[in-house]
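Structure record follows, encoded as structure tokens.
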Amino acid sequence: MSERVQTAEEQTANAQNASATENGNILEVRDLKKYFLIKKEWKLKKVPLPDAGEAAELGPQGEIAEAVGEETVAPSGGAAPAETAENAKKDGAKFKRKIELEKTFVKAVDGVSFDVPYGKTLGVVGESGCGKSTMGRTILRLHDVTAGKVFFEGRDITAMKNAELRKIRPEMQIVFQDPYSSLPPRLPVGEIIGEAVKIHKIVPNSQYRDYVIDVMRKCGLQDFYFDRYPHEFSGGQRQRICIARALAVNPKFVVCDEPVSALDVSIQAQIVNLLKELQRDLKLTYLFISHDLSVVEHISDRVGVMYLGNFVEMGDKKDIFSNPMHPYTRALLSAVPVPDPHYKVKRIILQGDIPSPANPPKGCKFHTRCPHCMEVCKTVAPKYKDYGNGHLCACHLYSQE
Ligand SMILES: Nc1ncnc2c1ncn2[C@@H]1O[C@H](COP(=O)(O)OP(=O)(O)OP(=O)(O)O)[C@@H](O)[C@H]1O
Ligand code: SF4
Ligand SMILES: [Mg+2]
């Protein structure tokens, strides 16, 4: 693959943002939120009059609607208009009635902040539904951002318009979990890998075929696969095609969203090793999402543990694996199989199911399942604090000062 040559525009943008990248981070995520609207319903609510002195009977969804800045408007031709405060007061009532649009949001990503240095891999683990994929896609602006900022090489990509975004697309790529559904069935492999090469004019047309074949070779695919179709390949080969497609546009940063979960264990190892080799050779930076801790341990430099849309712990790989602080991380680690029959691990079984991200528990979101839950955990969210060496944790078991 050819070395990335910066355009004049890129050079200017990079110079402008030099101060932001001086700290060596390719990616800086600040309080990123992604909420999905899943239900809208008009509801009749009782709202206390100013001197009624009683708490509003607004449910949590009402607060969310306010939090994301949605206007509350009565439906035209719907239920009776809201009673005025004055009329209600004259009648001696303590409440007025109001029609409100109640919106239910899934708080898939609920305020995450982290940095990823150049050439490193941040592994992200967590149970199904905790928001890993949504976070990865929101960082790449494949989803709209609800709130927060994402800086890629110092450039705020959350503020970018579509045209600007299109220009930096080749620099930020994604490899999806399912190599079966993520490849178009009617295109030959060479065209799949080369499609974006043509769109972004990575090489002149005369060099196109040689360039794509070179990328294919780097990803362990043979030259004659160029004219074959995806259904003629195994799962492992298809994932190599997906990786080749992502790398063909010379990215700097790749989100790997469970790239090996759909594969056999032996093939998983090949793909993880391929990703590591490509990272070393092409100086790539990865956000590696997985729920398999042993794979994450193998490939990552730092590891973040997600629960219900937030990181509960993050740190260097060795700190997370040898000194896990958060009870959730400890439970996840206790479930990792150890290939030694004499080594006994006390498995921590978490009680209950993951709560709904549409209505997460108050206080510490993990309190409903935590074996160490205290009274304070039920009402006060713990601070996400650095306990040394960049080892961050959010738990009342540790000093909150
Ligand atoms: N387009 C969408 N509309 C509504 N809700 C969504 C949408 N996409 C994801 N969600 C919800 O957001 C939450 C996080 O989903 P996400 O796919 O990010 O989880 P995940 O951690 O990647 O899970 P898995 O390990 O199963 O891939 C889930 O509750 C999911 O149902
Ligand atoms: S804050 Fe409390 S409930 Fe949450 S993980 Fe720590 S001990 Fe458990
Ligand atoms: Mg996912």
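Following the order of the structure tokens, chains are lettered A, B, ..., residues in each are numbered from 1, and ligands are numbered from 1.
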For the contact check between chain A and ligand 1, emit one row per residue of chain A within 8 Å, containing the shortest atom pair and the distance in Å rounded to one decimal, counting only C-alpha atoms and all ligand atoms, chain then rising number order, as a Markdown table.
```
| residue | atom | partner | partner_atom_place_in_ligand_line | distance |
| --- | --- | --- | --- | --- |
| A:Tyr35 | CA | ligand 1 | 12 (O) | 7.9 |
| A:Phe36 | CA | ligand 1 | 4 (C) | 4.9 |
| A:Leu37 | CA | ligand 1 | 4 (C) | 6.7 |
| A:Ile38 | CA | ligand 1 | 4 (C) | 5.9 |
| A:Val106 | CA | ligand 1 | 5 (N) | 5.9 |
| A:Lys107 | CA | ligand 1 | 12 (O) | 6.9 |
| A:Ala108 | CA | ligand 1 | 12 (O) | 4.2 |
| A:Val109 | CA | ligand 1 | 14 (C) | 7.3 |
| A:Gly126 | CA | ligand 1 | 21 (O) | 6.5 |
| A:Glu127 | CA | ligand 1 | 25 (O) | 5.8 |
| A:Ser128 | CA | ligand 1 | 25 (O) | 3.4 |
| A:Gly129 | CA | ligand 1 | 19 (O) | 3.4 |
| A:Cys130 | CA | ligand 1 | 21 (O) | 4.0 |
| A:Gly131 | CA | ligand 1 | 18 (O) | 3.3 |
| A:Lys132 | CA | ligand 1 | 21 (O) | 3.8 |
| A:Ser133 | CA | ligand 1 | 22 (O) | 3.7 |
| A:Thr134 | CA | ligand 1 | 18 (O) | 3.7 |
| A:Met135 | CA | ligand 1 | 18 (O) | 6.4 |
| A:Asp257 | CA | ligand 1 | 22 (O) | 7.9 |
| A:Glu258 | CA | ligand 1 | 27 (O) | 7.6 |
| A:Ser290 | CA | ligand 1 | 25 (O) | 7.1 |
| A:His291 | CA | ligand 1 | 25 (O) | 6.3 |
| A:Leu308 | CA | ligand 1 | 14 (C) | 7.9 |
| A:Gly309 | CA | ligand 1 | 14 (C) | 7.3 |
| A:Ser356 | CA | ligand 1 | 29 (O) | 7.0 |
| A:Pro357 | CA | ligand 1 | 29 (O) | 5.7 |
| A:Ala358 | CA | ligand 1 | 29 (O) | 7.6 |
```
With ligand 2 as the partner and 10 Å as the cut-off, tabulate the residues of chain A that qualify, each row holding the nearest pair of atoms and their distance in Å to one decimal, using only C-alpha atoms and all ligand atoms, sorted by chain and rising number, as a tab-separated table.
```
residue	atom	partner	partner_atom_place_in_ligand_line	distance
A:Val312	CA	ligand 2	5 (S)	8.2
A:Met325	CA	ligand 2	6 (Fe)	9.1
A:His326	CA	ligand 2	5 (S)	5.9
A:Pro327	CA	ligand 2	5 (S)	5.3
A:Tyr328	CA	ligand 2	5 (S)	6.5
A:Thr329	CA	ligand 2	5 (S)	9.3
A:Gly363	CA	ligand 2	1 (S)	7.9
A:Cys364	CA	ligand 2	4 (Fe)	4.6
A:Lys365	CA	ligand 2	4 (Fe)	6.7
A:Phe366	CA	ligand 2	4 (Fe)	5.1
A:His367	CA	ligand 2	3 (S)	3.5
A:Thr368	CA	ligand 2	3 (S)	7.1
A:Arg369	CA	ligand 2	3 (S)	7.5
A:Cys370	CA	ligand 2	8 (Fe)	4.6
A:Pro371	CA	ligand 2	8 (Fe)	6.6
A:His372	CA	ligand 2	7 (S)	4.6
A:Cys373	CA	ligand 2	3 (S)	4.0
A:Met374	CA	ligand 2	2 (Fe)	5.7
A:Glu375	CA	ligand 2	2 (Fe)	8.1
A:Val376	CA	ligand 2	2 (Fe)	7.3
A:Cys377	CA	ligand 2	2 (Fe)	4.4
A:Lys378	CA	ligand 2	3 (S)	7.1
A:Thr379	CA	ligand 2	1 (S)	9.8
A:Val380	CA	ligand 2	1 (S)	8.3
A:Ala381	CA	ligand 2	1 (S)	7.2
A:Pro382	CA	ligand 2	1 (S)	5.6
A:Lys383	CA	ligand 2	1 (S)	8.9
A:Cys393	CA	ligand 2	6 (Fe)	9.1
A:Ala394	CA	ligand 2	1 (S)	6.7
A:Cys395	CA	ligand 2	6 (Fe)	3.7
A:His396	CA	ligand 2	1 (S)	4.1
A:Leu397	CA	ligand 2	7 (S)	5.2
A:Tyr398	CA	ligand 2	6 (Fe)	8.0
```
Inset, instruction - Find the residues near stretch 136-144 of chain A: any atom within 7 Å, counting only C-alpha atoms, skip ones fewer than 4 places away on the same chain, and give them as a PyMOL selection string. - result: chain A and resi 132+150+172+255
Requested write-out: N, CA and C atoms of the selected residues, as a PDB file, in the first residue's frame:
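Final file, again39.pdb:
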```pdb
ATOM      1  N   LYS A 132     -21.547  -0.486  23.095  1.00  0.00           N
ATOM      2  CA  LYS A 132     -20.217  -0.509  22.458  1.00  0.00           C
ATOM      3  C   LYS A 132     -20.310  -0.099  20.983  1.00  0.00           C
ATOM      4  N   VAL A 150     -16.245  14.990  19.601  1.00  0.00           N
ATOM      5  CA  VAL A 150     -15.239  14.009  19.193  1.00  0.00           C
ATOM      6  C   VAL A 150     -14.192  14.766  18.382  1.00  0.00           C
ATOM      7  N   MET A 172     -10.958   7.428   8.733  1.00  0.00           N
ATOM      8  CA  MET A 172     -11.602   6.732   9.851  1.00  0.00           C
ATOM      9  C   MET A 172     -12.489   5.627   9.277  1.00  0.00           C
ATOM     10  N   VAL A 255     -12.238   1.486  13.667  1.00  0.00           N
ATOM     11  CA  VAL A 255     -13.082   0.900  14.715  1.00  0.00           C
ATOM     12  C   VAL A 255     -13.312  -0.555  14.301  1.00  0.00           C
TER      13      VAL A 255
END
```
Inset, instruction - Report the distance between atom CA of A:Arg280 and atom CA of A:Arg228 in Å, rounded to one decimal place. - result: 29.1 Å
Legend entry - Which of A:Gly352, A:Pro259, A:Gly304, A:Gly194 sits closest to A:Gly235 [using only C-alpha atoms]: A:Pro259
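Closest approach to ligand 3 among A:Ser182, A:Ser261, A:Ser234, A:Ser294: A:Ser261, based on only C-alpha atoms and all ligand atoms.
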